[in-house]
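J.: My structure is stored as run05.pdb, with PDB, C-alpha atoms, pLDDT in the B column.
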MODEL        1
ATOM      1  CA  MET A 246      79.695  59.200  95.015  1.00 91.00           C
ATOM      2  CA  ASP A 247      81.511  59.317  91.686  1.00 94.00           C
ATOM      3  CA  ILE A 248      80.255  61.523  88.840  1.00 96.00           C
ATOM      4  CA  SER A 249      82.334  60.795  85.755  1.00 92.00           C
ATOM      5  CA  GLY A 250      85.479  60.924  87.860  1.00 93.00           C
ATOM      6  CA  VAL A 251      84.333  63.753  90.157  1.00 96.00           C
ATOM      7  CA  LYS A 252      83.731  62.535  93.710  1.00 97.00           C
ATOM      8  CA  ILE A 253      81.251  64.206  96.045  1.00 97.00           C
ATOM      9  CA  GLY A 254      80.466  63.355  99.658  1.00 96.00           C
ATOM     10  CA  GLY A 255      82.592  61.397 102.090  1.00 93.00           C
ATOM     11  CA  GLY A 256      84.872  64.383 102.558  1.00 94.00           C
ATOM     12  CA  ASN A 257      84.887  65.360  98.888  1.00 96.00           C
ATOM     13  CA  PHE A 258      83.573  68.888  98.229  1.00 98.00           C
ATOM     14  CA  GLN A 259      82.540  70.120  94.774  1.00 98.00           C
ATOM     15  CA  ILE A 260      81.168  73.305  93.235  1.00 98.00           C
ATOM     16  CA  ILE A 261      78.516  73.104  90.530  1.00 98.00           C
ATOM     17  CA  ALA A 262      78.297  76.347  88.545  1.00 98.00           C
ATOM     18  CA  GLY A 263      76.776  77.750  85.380  1.00 97.00           C
ATOM     19  CA  PRO A 264      73.853  79.750  84.049  1.00 96.00           C
ATOM     20  CA  CYS A 265      70.215  79.307  84.992  1.00 93.00           C
ATOM     21  CA  SER A 266      69.382  78.787  81.318  1.00 94.00           C
ATOM     22  CA  VAL A 267      71.396  77.773  78.296  1.00 94.00           C
ATOM     23  CA  GLU A 268      70.872  80.653  75.878  1.00 93.00           C
ATOM     24  CA  THR A 269      73.495  80.452  73.126  1.00 93.00           C
ATOM     25  CA  ARG A 270      76.557  78.409  72.221  1.00 95.00           C
ATOM     26  CA  ASP A 271      78.927  81.282  72.983  1.00 95.00           C
ATOM     27  CA  GLN A 272      77.271  81.931  76.332  1.00 95.00           C
ATOM     28  CA  ILE A 273      77.423  78.398  77.702  1.00 96.00           C
ATOM     29  CA  ILE A 274      80.946  77.677  76.493  1.00 97.00           C
ATOM     30  CA  SER A 275      82.234  81.011  77.779  1.00 96.00           C
ATOM     31  CA  VAL A 276      80.685  80.445  81.213  1.00 97.00           C
ATOM     32  CA  ALA A 277      81.865  76.823  81.311  1.00 98.00           C
ATOM     33  CA  GLU A 278      85.453  77.806  80.605  1.00 98.00           C
ATOM     34  CA  SER A 279      85.414  80.599  83.180  1.00 98.00           C
ATOM     35  CA  VAL A 280      83.876  78.596  86.039  1.00 98.00           C
ATOM     36  CA  LYS A 281      86.257  75.712  85.399  1.00 98.00           C
ATOM     37  CA  ALA A 282      89.199  78.098  85.593  1.00 98.00           C
ATOM     38  CA  SER A 283      87.883  79.290  88.970  1.00 98.00           C
ATOM     39  CA  GLY A 284      87.564  75.800  90.424  1.00 97.00           C
ATOM     40  CA  ALA A 285      84.085  74.547  89.538  1.00 98.00           C
ATOM     41  CA  THR A 286      84.079  70.823  88.833  1.00 98.00           C
ATOM     42  CA  LEU A 287      80.586  70.398  87.369  1.00 98.00           C
ATOM     43  CA  LEU A 288      78.642  72.571  84.924  1.00 98.00           C
ATOM     44  CA  ARG A 289      74.985  73.415  85.507  1.00 97.00           C
ATOM     45  CA  GLY A 290      72.654  74.840  82.886  1.00 95.00           C
ATOM     46  CA  GLY A 291      68.943  74.660  82.199  1.00 92.00           C
ATOM     47  CA  ALA A 292      67.694  73.318  78.872  1.00 91.00           C
ATOM     48  CA  PHE A 293      64.146  72.775  80.156  1.00 89.00           C
ATOM     49  CA  LYS A 294      63.011  75.585  82.444  1.00 75.00           C
ATOM     50  CA  PRO A 295      59.950  75.443  84.726  1.00 74.00           C
ATOM     51  CA  ARG A 296      58.821  79.058  85.018  1.00 70.00           C
ATOM     52  CA  THR A 297      56.091  80.562  87.157  1.00 73.00           C
ATOM     53  CA  SER A 298      54.746  82.488  84.166  1.00 78.00           C
ATOM     54  CA  PRO A 299      53.939  80.611  80.941  1.00 78.00           C
ATOM     55  CA  TYR A 300      55.140  83.669  79.026  1.00 68.00           C
ATOM     56  CA  ASP A 301      58.709  83.568  80.359  1.00 71.00           C
ATOM     57  CA  PHE A 302      61.595  81.886  78.544  1.00 75.00           C
ATOM     58  CA  GLN A 303      61.139  78.114  78.842  1.00 74.00           C
ATOM     59  CA  GLY A 304      64.574  76.993  77.647  1.00 76.00           C
ATOM     60  CA  LEU A 305      65.997  75.641  74.391  1.00 82.00           C
ATOM     61  CA  HIS A 306      65.007  72.027  75.174  1.00 89.00           C
ATOM     62  CA  GLY A 307      66.836  69.559  72.910  1.00 90.00           C
ATOM     63  CA  GLU A 308      69.063  72.238  71.436  1.00 92.00           C
ATOM     64  CA  GLY A 309      70.041  73.248  74.964  1.00 93.00           C
ATOM     65  CA  ILE A 310      71.085  69.674  75.751  1.00 95.00           C
ATOM     66  CA  GLU A 311      73.254  69.624  72.630  1.00 96.00           C
ATOM     67  CA  LEU A 312      74.931  72.884  73.648  1.00 96.00           C
ATOM     68  CA  LEU A 313      75.601  71.556  77.158  1.00 97.00           C
ATOM     69  CA  LEU A 314      77.230  68.454  75.707  1.00 97.00           C
ATOM     70  CA  GLU A 315      79.354  70.646  73.451  1.00 97.00           C
ATOM     71  CA  ALA A 316      80.465  72.628  76.496  1.00 97.00           C
ATOM     72  CA  LYS A 317      81.315  69.353  78.225  1.00 97.00           C
ATOM     73  CA  LYS A 318      83.399  68.301  75.238  1.00 96.00           C
ATOM     74  CA  GLN A 319      85.243  71.623  75.328  1.00 96.00           C
ATOM     75  CA  THR A 320      85.921  71.687  79.073  1.00 97.00           C
ATOM     76  CA  GLY A 321      85.567  68.134  80.382  1.00 97.00           C
ATOM     77  CA  LEU A 322      83.091  69.269  83.045  1.00 98.00           C
ATOM     78  CA  PRO A 323      80.296  66.794  83.843  1.00 98.00           C
ATOM     79  CA  ILE A 324      76.830  68.225  83.186  1.00 97.00           C
ATOM     80  CA  VAL A 325      73.975  68.891  85.644  1.00 98.00           C
ATOM     81  CA  THR A 326      70.627  69.793  84.077  1.00 97.00           C
ATOM     82  CA  GLU A 327      66.953  69.550  84.976  1.00 96.00           C
ATOM     83  CA  LEU A 328      64.464  67.003  83.667  1.00 96.00           C
ATOM     84  CA  MET A 329      60.796  67.973  83.906  1.00 93.00           C
ATOM     85  CA  ASN A 330      59.076  65.155  82.043  1.00 93.00           C
ATOM     86  CA  ALA A 331      59.981  61.460  81.897  1.00 94.00           C
ATOM     87  CA  ASN A 332      59.121  61.485  78.184  1.00 93.00           C
ATOM     88  CA  ASP A 333      62.280  63.538  77.619  1.00 94.00           C
ATOM     89  CA  LEU A 334      64.585  60.971  79.272  1.00 95.00           C
ATOM     90  CA  PRO A 335      66.063  59.782  75.933  1.00 95.00           C
ATOM     91  CA  LEU A 336      67.539  63.264  75.457  1.00 94.00           C
ATOM     92  CA  PHE A 337      69.430  62.872  78.756  1.00 96.00           C
ATOM     93  CA  GLU A 338      71.351  59.736  77.808  1.00 95.00           C
ATOM     94  CA  ASP A 339      74.725  61.533  77.887  1.00 96.00           C
ATOM     95  CA  ILE A 340      73.924  63.861  80.804  1.00 97.00           C
ATOM     96  CA  ASP A 341      75.895  63.089  83.961  1.00 97.00           C
ATOM     97  CA  VAL A 342      73.520  64.385  86.644  1.00 98.00           C
ATOM     98  CA  ILE A 343      69.763  64.763  86.216  1.00 98.00           C
ATOM     99  CA  GLN A 344      68.280  67.473  88.396  1.00 98.00           C
ATOM    100  CA  VAL A 345      64.794  67.183  89.839  1.00 98.00           C
ATOM    101  CA  GLY A 346      63.652  70.714  90.578  1.00 95.00           C
ATOM    102  CA  ALA A 347      61.795  71.910  93.667  1.00 96.00           C
ATOM    103  CA  ARG A 348      58.467  71.912  91.829  1.00 94.00           C
ATOM    104  CA  ASN A 349      58.882  68.243  90.879  1.00 96.00           C
ATOM    105  CA  MET A 350      60.171  66.936  94.201  1.00 98.00           C
ATOM    106  CA  GLN A 351      56.892  65.090  94.767  1.00 97.00           C
ATOM    107  CA  ASN A 352      56.255  64.106  91.164  1.00 97.00           C
ATOM    108  CA  PHE A 353      56.328  60.484  92.226  1.00 97.00           C
ATOM    109  CA  ASP A 354      55.846  59.003  88.756  1.00 97.00           C
ATOM    110  CA  LEU A 355      58.895  60.950  87.540  1.00 97.00           C
ATOM    111  CA  LEU A 356      60.916  59.870  90.584  1.00 98.00           C
ATOM    112  CA  LYS A 357      60.087  56.213  89.973  1.00 98.00           C
ATOM    113  CA  GLU A 358      61.171  56.475  86.335  1.00 97.00           C
ATOM    114  CA  LEU A 359      64.477  58.021  87.423  1.00 98.00           C
ATOM    115  CA  GLY A 360      64.839  55.167  89.887  1.00 98.00           C
ATOM    116  CA  LYS A 361      64.993  52.790  86.948  1.00 97.00           C
ATOM    117  CA  THR A 362      68.058  54.564  85.544  1.00 97.00           C
ATOM    118  CA  ASP A 363      71.649  54.487  86.737  1.00 96.00           C
ATOM    119  CA  LYS A 364      72.030  58.272  86.533  1.00 97.00           C
ATOM    120  CA  VAL A 365      73.094  60.435  89.447  1.00 98.00           C
ATOM    121  CA  ILE A 366      70.002  62.389  90.546  1.00 98.00           C
ATOM    122  CA  LEU A 367      70.261  65.805  92.181  1.00 98.00           C
ATOM    123  CA  LEU A 368      67.033  66.096  94.159  1.00 98.00           C
ATOM    124  CA  LYS A 369      66.010  69.598  95.246  1.00 98.00           C
ATOM    125  CA  ARG A 370      63.892  70.197  98.319  1.00 98.00           C
ATOM    126  CA  GLY A 371      60.459  71.601  97.542  1.00 97.00           C
ATOM    127  CA  LEU A 372      59.808  75.152  98.679  1.00 95.00           C
ATOM    128  CA  ALA A 373      57.172  74.011 101.211  1.00 96.00           C
ATOM    129  CA  ASN A 374      58.461  70.556 102.122  1.00 98.00           C
ATOM    130  CA  THR A 375      60.000  69.129 105.269  1.00 98.00           C
ATOM    131  CA  LEU A 376      63.252  67.205 105.406  1.00 98.00           C
ATOM    132  CA  LYS A 377      61.208  64.039 105.902  1.00 98.00           C
ATOM    133  CA  ASP A 378      59.316  64.826 102.683  1.00 98.00           C
ATOM    134  CA  LEU A 379      62.632  65.237 100.876  1.00 98.00           C
ATOM    135  CA  LEU A 380      63.932  61.926 102.171  1.00 98.00           C
ATOM    136  CA  MET A 381      60.716  60.132 101.217  1.00 98.00           C
ATOM    137  CA  SER A 382      61.115  61.483  97.678  1.00 98.00           C
ATOM    138  CA  ALA A 383      64.652  60.106  97.662  1.00 98.00           C
ATOM    139  CA  GLU A 384      63.204  56.777  98.785  1.00 98.00           C
ATOM    140  CA  TYR A 385      60.913  56.759  95.740  1.00 98.00           C
ATOM    141  CA  ILE A 386      64.026  56.849  93.553  1.00 98.00           C
ATOM    142  CA  MET A 387      65.912  54.286  95.614  1.00 98.00           C
ATOM    143  CA  SER A 388      62.944  51.923  95.797  1.00 98.00           C
ATOM    144  CA  GLU A 389      63.325  51.373  92.050  1.00 98.00           C
ATOM    145  CA  GLY A 390      67.012  50.515  92.380  1.00 98.00           C
ATOM    146  CA  ASN A 391      68.876  53.816  91.909  1.00 98.00           C
ATOM    147  CA  GLU A 392      70.800  54.910  95.007  1.00 97.00           C
ATOM    148  CA  ASN A 393      72.870  57.601  93.242  1.00 98.00           C
ATOM    149  CA  ILE A 394      71.212  60.629  94.821  1.00 98.00           C
ATOM    150  CA  ILE A 395      72.464  64.042  95.898  1.00 98.00           C
ATOM    151  CA  LEU A 396      70.168  66.098  98.137  1.00 98.00           C
ATOM    152  CA  CYS A 397      69.932  69.849  97.541  1.00 98.00           C
ATOM    153  CA  GLU A 398      68.667  72.506  99.937  1.00 98.00           C
ATOM    154  CA  ARG A 399      67.589  75.568  97.921  1.00 98.00           C
ATOM    155  CA  GLY A 400      65.566  77.522 100.429  1.00 97.00           C
ATOM    156  CA  ILE A 401      62.004  77.182 101.653  1.00 97.00           C
ATOM    157  CA  ARG A 402      59.088  79.594 101.584  1.00 96.00           C
ATOM    158  CA  THR A 403      58.432  81.372 104.865  1.00 97.00           C
ATOM    159  CA  PHE A 404      56.721  84.619 105.851  1.00 97.00           C
ATOM    160  CA  GLU A 405      59.931  86.524 105.011  1.00 96.00           C
ATOM    161  CA  THR A 406      59.764  88.483 101.731  1.00 96.00           C
ATOM    162  CA  TYR A 407      63.140  90.244 101.654  1.00 97.00           C
ATOM    163  CA  THR A 408      64.804  87.231 100.065  1.00 96.00           C
ATOM    164  CA  ARG A 409      63.331  84.933  97.424  1.00 95.00           C
ATOM    165  CA  ASN A 410      63.266  82.055  99.912  1.00 97.00           C
ATOM    166  CA  THR A 411      64.693  81.343 103.370  1.00 98.00           C
ATOM    167  CA  LEU A 412      67.848  79.248 103.286  1.00 98.00           C
ATOM    168  CA  ASP A 413      67.645  76.463 105.865  1.00 98.00           C
ATOM    169  CA  LEU A 414      71.302  75.870 106.711  1.00 98.00           C
ATOM    170  CA  SER A 415      70.300  73.542 109.546  1.00 98.00           C
ATOM    171  CA  ALA A 416      69.306  71.107 106.796  1.00 98.00           C
ATOM    172  CA  VAL A 417      72.995  70.293 106.285  1.00 98.00           C
ATOM    173  CA  PRO A 418      73.784  68.766 109.696  1.00 98.00           C
ATOM    174  CA  ALA A 419      70.239  67.411 109.999  1.00 98.00           C
ATOM    175  CA  LEU A 420      70.410  65.531 106.707  1.00 98.00           C
ATOM    176  CA  HIS A 421      73.884  64.284 107.550  1.00 98.00           C
ATOM    177  CA  GLU A 422      72.408  62.794 110.718  1.00 98.00           C
ATOM    178  CA  LEU A 423      69.494  61.222 108.862  1.00 98.00           C
ATOM    179  CA  THR A 424      71.160  59.892 105.710  1.00 97.00           C
ATOM    180  CA  HIS A 425      74.435  58.943 104.066  1.00 96.00           C
ATOM    181  CA  LEU A 426      73.612  60.936 100.918  1.00 98.00           C
ATOM    182  CA  PRO A 427      75.672  63.999  99.901  1.00 98.00           C
ATOM    183  CA  VAL A 428      74.072  67.369 100.672  1.00 98.00           C
ATOM    184  CA  VAL A 429      74.639  70.461  98.548  1.00 98.00           C
ATOM    185  CA  ILE A 430      73.387  74.015  99.020  1.00 98.00           C
ATOM    186  CA  ASP A 431      72.034  76.317  96.301  1.00 98.00           C
ATOM    187  CA  PRO A 432      72.487  79.869  97.667  1.00 98.00           C
ATOM    188  CA  SER A 433      71.405  81.434  94.363  1.00 97.00           C
ATOM    189  CA  HIS A 434      67.817  80.173  94.417  1.00 95.00           C
ATOM    190  CA  ALA A 435      67.676  80.399  98.190  1.00 96.00           C
ATOM    191  CA  THR A 436      68.226  84.156  98.316  1.00 97.00           C
ATOM    192  CA  GLY A 437      67.412  85.333  94.796  1.00 96.00           C
ATOM    193  CA  LEU A 438      69.965  88.115  95.306  1.00 97.00           C
ATOM    194  CA  SER A 439      73.455  87.914  93.825  1.00 97.00           C
ATOM    195  CA  ARG A 440      74.954  90.015  96.650  1.00 97.00           C
ATOM    196  CA  MET A 441      73.887  87.374  99.176  1.00 98.00           C
ATOM    197  CA  VAL A 442      75.318  84.377  97.356  1.00 98.00           C
ATOM    198  CA  GLU A 443      78.839  84.829  98.725  1.00 98.00           C
ATOM    199  CA  PRO A 444      78.000  84.999 102.455  1.00 98.00           C
ATOM    200  CA  MET A 445      75.492  82.150 102.175  1.00 98.00           C
ATOM    201  CA  ALA A 446      77.949  80.022 100.190  1.00 98.00           C
ATOM    202  CA  MET A 447      80.565  80.585 102.872  1.00 98.00           C
ATOM    203  CA  ALA A 448      78.093  79.796 105.650  1.00 98.00           C
ATOM    204  CA  ALA A 449      76.962  76.622 103.901  1.00 98.00           C
ATOM    205  CA  THR A 450      80.560  75.502 103.517  1.00 98.00           C
ATOM    206  CA  ALA A 451      81.244  76.120 107.201  1.00 98.00           C
ATOM    207  CA  ALA A 452      78.069  74.184 108.064  1.00 98.00           C
ATOM    208  CA  GLY A 453      79.564  71.109 106.403  1.00 97.00           C
ATOM    209  CA  ALA A 454      77.851  71.005 103.013  1.00 98.00           C
ATOM    210  CA  ASP A 455      79.320  68.550 100.518  1.00 98.00           C
ATOM    211  CA  GLY A 456      79.064  71.082  97.728  1.00 98.00           C
ATOM    212  CA  LEU A 457      77.526  74.252  96.352  1.00 98.00           C
ATOM    213  CA  MET A 458      75.367  74.962  93.324  1.00 98.00           C
ATOM    214  CA  ILE A 459      75.841  78.524  92.086  1.00 98.00           C
ATOM    215  CA  GLU A 460      74.388  80.387  89.123  1.00 97.00           C
ATOM    216  CA  VAL A 461      76.919  82.212  86.960  1.00 97.00           C
ATOM    217  CA  HIS A 462      76.163  84.252  83.844  1.00 96.00           C
ATOM    218  CA  ASN A 463      78.513  86.218  81.613  1.00 94.00           C
ATOM    219  CA  ASP A 464      75.982  89.089  81.408  1.00 93.00           C
ATOM    220  CA  PRO A 465      73.481  88.851  84.306  1.00 93.00           C
ATOM    221  CA  ALA A 466      71.751  92.130  83.434  1.00 93.00           C
ATOM    222  CA  HIS A 467      70.570  90.606  80.150  1.00 89.00           C
ATOM    223  CA  ALA A 468      70.042  87.001  81.285  1.00 88.00           C
ATOM    224  CA  LEU A 469      66.844  85.387  80.030  1.00 86.00           C
ATOM    225  CA  CYS A 470      66.301  83.751  83.419  1.00 86.00           C
ATOM    226  CA  ASP A 471      67.148  84.715  87.019  1.00 84.00           C
ATOM    227  CA  GLY A 472      69.713  87.381  86.247  1.00 89.00           C
ATOM    228  CA  ALA A 473      69.200  89.025  89.647  1.00 93.00           C
ATOM    229  CA  GLN A 474      70.659  86.024  91.469  1.00 95.00           C
ATOM    230  CA  SER A 475      73.443  85.226  88.995  1.00 96.00           C
ATOM    231  CA  LEU A 476      77.089  86.034  89.634  1.00 97.00           C
ATOM    232  CA  THR A 477      79.463  87.297  86.989  1.00 97.00           C
ATOM    233  CA  PRO A 478      82.492  85.059  86.323  1.00 97.00           C
ATOM    234  CA  GLU A 479      84.627  87.540  88.278  1.00 98.00           C
ATOM    235  CA  GLN A 480      82.298  87.413  91.274  1.00 98.00           C
ATOM    236  CA  PHE A 481      82.201  83.630  91.136  1.00 98.00           C
ATOM    237  CA  ASP A 482      85.993  83.488  91.126  1.00 98.00           C
ATOM    238  CA  ARG A 483      86.063  85.443  94.391  1.00 98.00           C
ATOM    239  CA  VAL A 484      83.398  83.230  95.967  1.00 98.00           C
ATOM    240  CA  ALA A 485      85.191  80.032  94.927  1.00 98.00           C
ATOM    241  CA  ARG A 486      88.492  81.245  96.373  1.00 98.00           C
ATOM    242  CA  ARG A 487      86.918  82.261  99.683  1.00 98.00           C
ATOM    243  CA  VAL A 488      84.998  79.007  99.940  1.00 98.00           C
ATOM    244  CA  MET A 489      88.148  76.979  99.422  1.00 96.00           C
ATOM    245  CA  LYS A 490      89.891  78.956 102.186  1.00 97.00           C
ATOM    246  CA  ILE A 491      87.081  77.926 104.527  1.00 97.00           C
ATOM    247  CA  ARG A 492      87.525  74.314 103.437  1.00 96.00           C
ATOM    248  CA  GLU A 493      91.246  74.560 104.172  1.00 95.00           C
ATOM    249  CA  ALA A 494      90.563  76.025 107.608  1.00 95.00           C
ATOM    250  CA  MET A 495      88.082  73.256 108.386  1.00 92.00           C
ATOM    251  CA  ALA A 496      90.708  70.628 107.529  1.00 86.00           C
ATOM    252  CA  GLU A 497      93.169  71.906 110.116  1.00 73.00           C
TER     253      GLU A 497
ENDMDL
END
The structure in this file should be written as structure tokens.

T.:
Amino acid sequence: MDISGVKIGGGNFQIIAGPCSVETRDQIISVAESVKASGATLLRGGAFKPRTSPYDFQGLHGEGIELLLEAKKQTGLPIVTELMNANDLPLFEDIDVIQVGARNMQNFDLLKELGKTDKVILLKRGLANTLKDLLMSAEYIMSEGNENIILCERGIRTFETYTRNTLDLSAVPALHELTHLPVVIDPSHATGLSRMVEPMAMAATAAGADGLMIEVHNDPAHALCDGAQSLTPEQFDRVARRVMKIREAMAE
């Protein structure tokens, strides 16, 4: 699959990195420049944020999209950002990858609207959904004509409470058996703990994932969203280097 010149799947491995939420111009451009320097090939950032509490930061919406596009202009990194409502689709005209979050995985009306576009869709597994559910959601998109889909495992809810979710690494080989679509792993949302992102990213790479989606913030302690699971640029640089060593070893 080709995303503005960046290929993923079919042996091509990519790292998507950036902050949970776009907060300011300086923040998103600073993070974009740092993750690119460390090897990330796509920039993630939330302009529209679905939050459990209605009182939490909900994102900058249209302004956030504009800031992401400015960061793209500065760095050349294709943009990955979440769409929550089909009414906002016109704002996403210049976005490279539209993310469907876990909470919207079975928003079938939204999926059908995205199926009418030619955008690459990054479809996240719902926190209580099976792999079959995930694939049926992908079918909703494809049934309308859009086959440009990346599947994302971001952890499921189990009885375990130590981590935010339970990362299902078996989803990687299972989905590769069931579909031709690229499979990426989001260790940030899966664990909710920044110290666990590195080992889970390495494990996901060894399991054969086609890519990783990692949250990076220039000041996690003061992040407006999900600071506890965000890496600093320095931490991300270490993770990216170790992940690429695993990729090199797997190629031998």

J.: Take the PyMOL selection byres ((chain A and resi 306) around 12), apply it to the structure above, and return the hits as a PDB file with C-alpha atoms, in the coordinates of the input.

T.:
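Once everything was written out, this is part-v5.pdb:
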ATOM      1  CA  SER A 266      69.382  78.787  81.318  1.00 94.00           C
ATOM      2  CA  VAL A 267      71.396  77.773  78.296  1.00 94.00           C
ATOM      3  CA  GLU A 268      70.872  80.653  75.878  1.00 93.00           C
ATOM      4  CA  GLY A 290      72.654  74.840  82.886  1.00 95.00           C
ATOM      5  CA  GLY A 291      68.943  74.660  82.199  1.00 92.00           C
ATOM      6  CA  ALA A 292      67.694  73.318  78.872  1.00 91.00           C
ATOM      7  CA  PHE A 293      64.146  72.775  80.156  1.00 89.00           C
ATOM      8  CA  LYS A 294      63.011  75.585  82.444  1.00 75.00           C
ATOM      9  CA  PRO A 295      59.950  75.443  84.726  1.00 74.00           C
ATOM     10  CA  PHE A 302      61.595  81.886  78.544  1.00 75.00           C
ATOM     11  CA  GLN A 303      61.139  78.114  78.842  1.00 74.00           C
ATOM     12  CA  GLY A 304      64.574  76.993  77.647  1.00 76.00           C
ATOM     13  CA  LEU A 305      65.997  75.641  74.391  1.00 82.00           C
ATOM     14  CA  GLY A 307      66.836  69.559  72.910  1.00 90.00           C
ATOM     15  CA  GLU A 308      69.063  72.238  71.436  1.00 92.00           C
ATOM     16  CA  GLY A 309      70.041  73.248  74.964  1.00 93.00           C
ATOM     17  CA  ILE A 310      71.085  69.674  75.751  1.00 95.00           C
ATOM     18  CA  GLU A 311      73.254  69.624  72.630  1.00 96.00           C
ATOM     19  CA  LEU A 312      74.931  72.884  73.648  1.00 96.00           C
ATOM     20  CA  LEU A 313      75.601  71.556  77.158  1.00 97.00           C
ATOM     21  CA  THR A 326      70.627  69.793  84.077  1.00 97.00           C
ATOM     22  CA  GLU A 327      66.953  69.550  84.976  1.00 96.00           C
ATOM     23  CA  LEU A 328      64.464  67.003  83.667  1.00 96.00           C
ATOM     24  CA  MET A 329      60.796  67.973  83.906  1.00 93.00           C
ATOM     25  CA  ASN A 330      59.076  65.155  82.043  1.00 93.00           C
ATOM     26  CA  ASP A 333      62.280  63.538  77.619  1.00 94.00           C
ATOM     27  CA  LEU A 334      64.585  60.971  79.272  1.00 95.00           C
ATOM     28  CA  LEU A 336      67.539  63.264  75.457  1.00 94.00           C
ATOM     29  CA  PHE A 337      69.430  62.872  78.756  1.00 96.00           C
TER      30      PHE A 337
END

J.: Considering only C-alpha atoms, give me a table of residues in region 444-474 of chain A that are at most 12 Å from region 392-408 of chain A, with the closest atom pair and distance in Å for each, as a Markdown table.

T.:
| residue | atom | partner | partner_atom | distance |
| --- | --- | --- | --- | --- |
| A:Met445 | CA | A:Gly400 | CA | 11.1 |
| A:Ala446 | CA | A:Arg399 | CA | 11.5 |
| A:Ala449 | CA | A:Glu398 | CA | 10.1 |
| A:Ala454 | CA | A:Cys397 | CA | 9.7 |
| A:Asp455 | CA | A:Ile395 | CA | 9.4 |
| A:Gly456 | CA | A:Cys397 | CA | 9.2 |
| A:Leu457 | CA | A:Cys397 | CA | 8.9 |
| A:Met458 | CA | A:Cys397 | CA | 8.6 |
| A:Ile459 | CA | A:Arg399 | CA | 10.5 |
| A:Ala473 | CA | A:Thr408 | CA | 11.4 |
| A:Gln474 | CA | A:Thr408 | CA | 10.5 |

J.: How would the residues just chosen look if you wrote them out with C-alpha atoms as a compact mmCIF listing (two decimals), in the coordinates of the input?

T.:
# COMPACT_ATOMS: atom_id res chain seq x y z
CA MET A 445 75.49 82.15 102.18
CA ALA A 446 77.95 80.02 100.19
CA ALA A 449 76.96 76.62 103.90
CA ALA A 454 77.85 71.00 103.01
CA ASP A 455 79.32 68.55 100.52
CA GLY A 456 79.06 71.08 97.73
CA LEU A 457 77.53 74.25 96.35
CA MET A 458 75.37 74.96 93.32
CA ILE A 459 75.84 78.52 92.09
CA ALA A 473 69.20 89.02 89.65
CA GLN A 474 70.66 86.02 91.47

J.: So which residues get picked by the PyMOL selection byres ((chain A and resi 376) around 10) here, written as a CSV table (one decimal) with C-alpha atoms, keeping the file's coordinate frame?

T.:
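Output file result.csv is given in full below:
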chain,number,residue,atom,x,y,z
A,370,ARG,CA,63.9,70.2,98.3
A,371,GLY,CA,60.5,71.6,97.5
A,374,ASN,CA,58.5,70.6,102.1
A,375,THR,CA,60.0,69.1,105.3
A,377,LYS,CA,61.2,64.0,105.9
A,378,ASP,CA,59.3,64.8,102.7
A,379,LEU,CA,62.6,65.2,100.9
A,380,LEU,CA,63.9,61.9,102.2
A,381,MET,CA,60.7,60.1,101.2
A,382,SER,CA,61.1,61.5,97.7
A,398,GLU,CA,68.7,72.5,99.9
A,416,ALA,CA,69.3,71.1,106.8
A,419,ALA,CA,70.2,67.4,110.0
A,420,LEU,CA,70.4,65.5,106.7
A,423,LEU,CA,69.5,61.2,108.9

J.: Considering only C-alpha atoms, return as number ranges by chain whatever protein or nucleic-acid residues lie within 10 Å of Pro444 (chain A), sequence-local ones (same chain, fewer than 6 positions apart) excluded.

T.: A: 432, 450, 484, 487-488

J.: Hey, what's within 9 Å of His425 (chain A) if we count all atoms listed in the file and toss same-chain stuff fewer than 4 positions away? As a ChimeraX atom specification, please?

T.: /A:254-255,420-421

J.: Between A:Arg483, A:Ile273, A:Gly256, A:Lys317, which is the closest to Thr286 (chain A) once you count only C-alpha atoms?

T.: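 Looking only at the distances to Thr286 (chain A), the closest residue turns out to be A:Lys317.
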
J.: When the PyMOL selection byres ((chain A and resi 277) around 8) is applied to the file above, which residues end up in the set, as a ChimeraX atom specification?

T.: /A:263,273-276,278-281,288,316,320,322

J.: So, with only C-alpha atoms as the atoms that count, which of A:Asn391, A:Gln344, A:Ser433, A:Asn349 lies closest to Thr362 (chain A)?

T.: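 Among the listed residues, A:Asn391 lies closest to Thr362 (chain A).
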
J.: Skipping near chain neighbours, those fewer than 5 positions away, what residues fall within 8 Å of Ile340 (chain A) using only C-alpha atoms, listed as number ranges by chain?

T.: A: 314, 323-326

J.: How far is it from CA of Arg270 (chain A) to CA of His462 (chain A), in Å with one decimal?

T.: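 CA of Arg270 (chain A) sits 13.0 Å away from CA of His462 (chain A).
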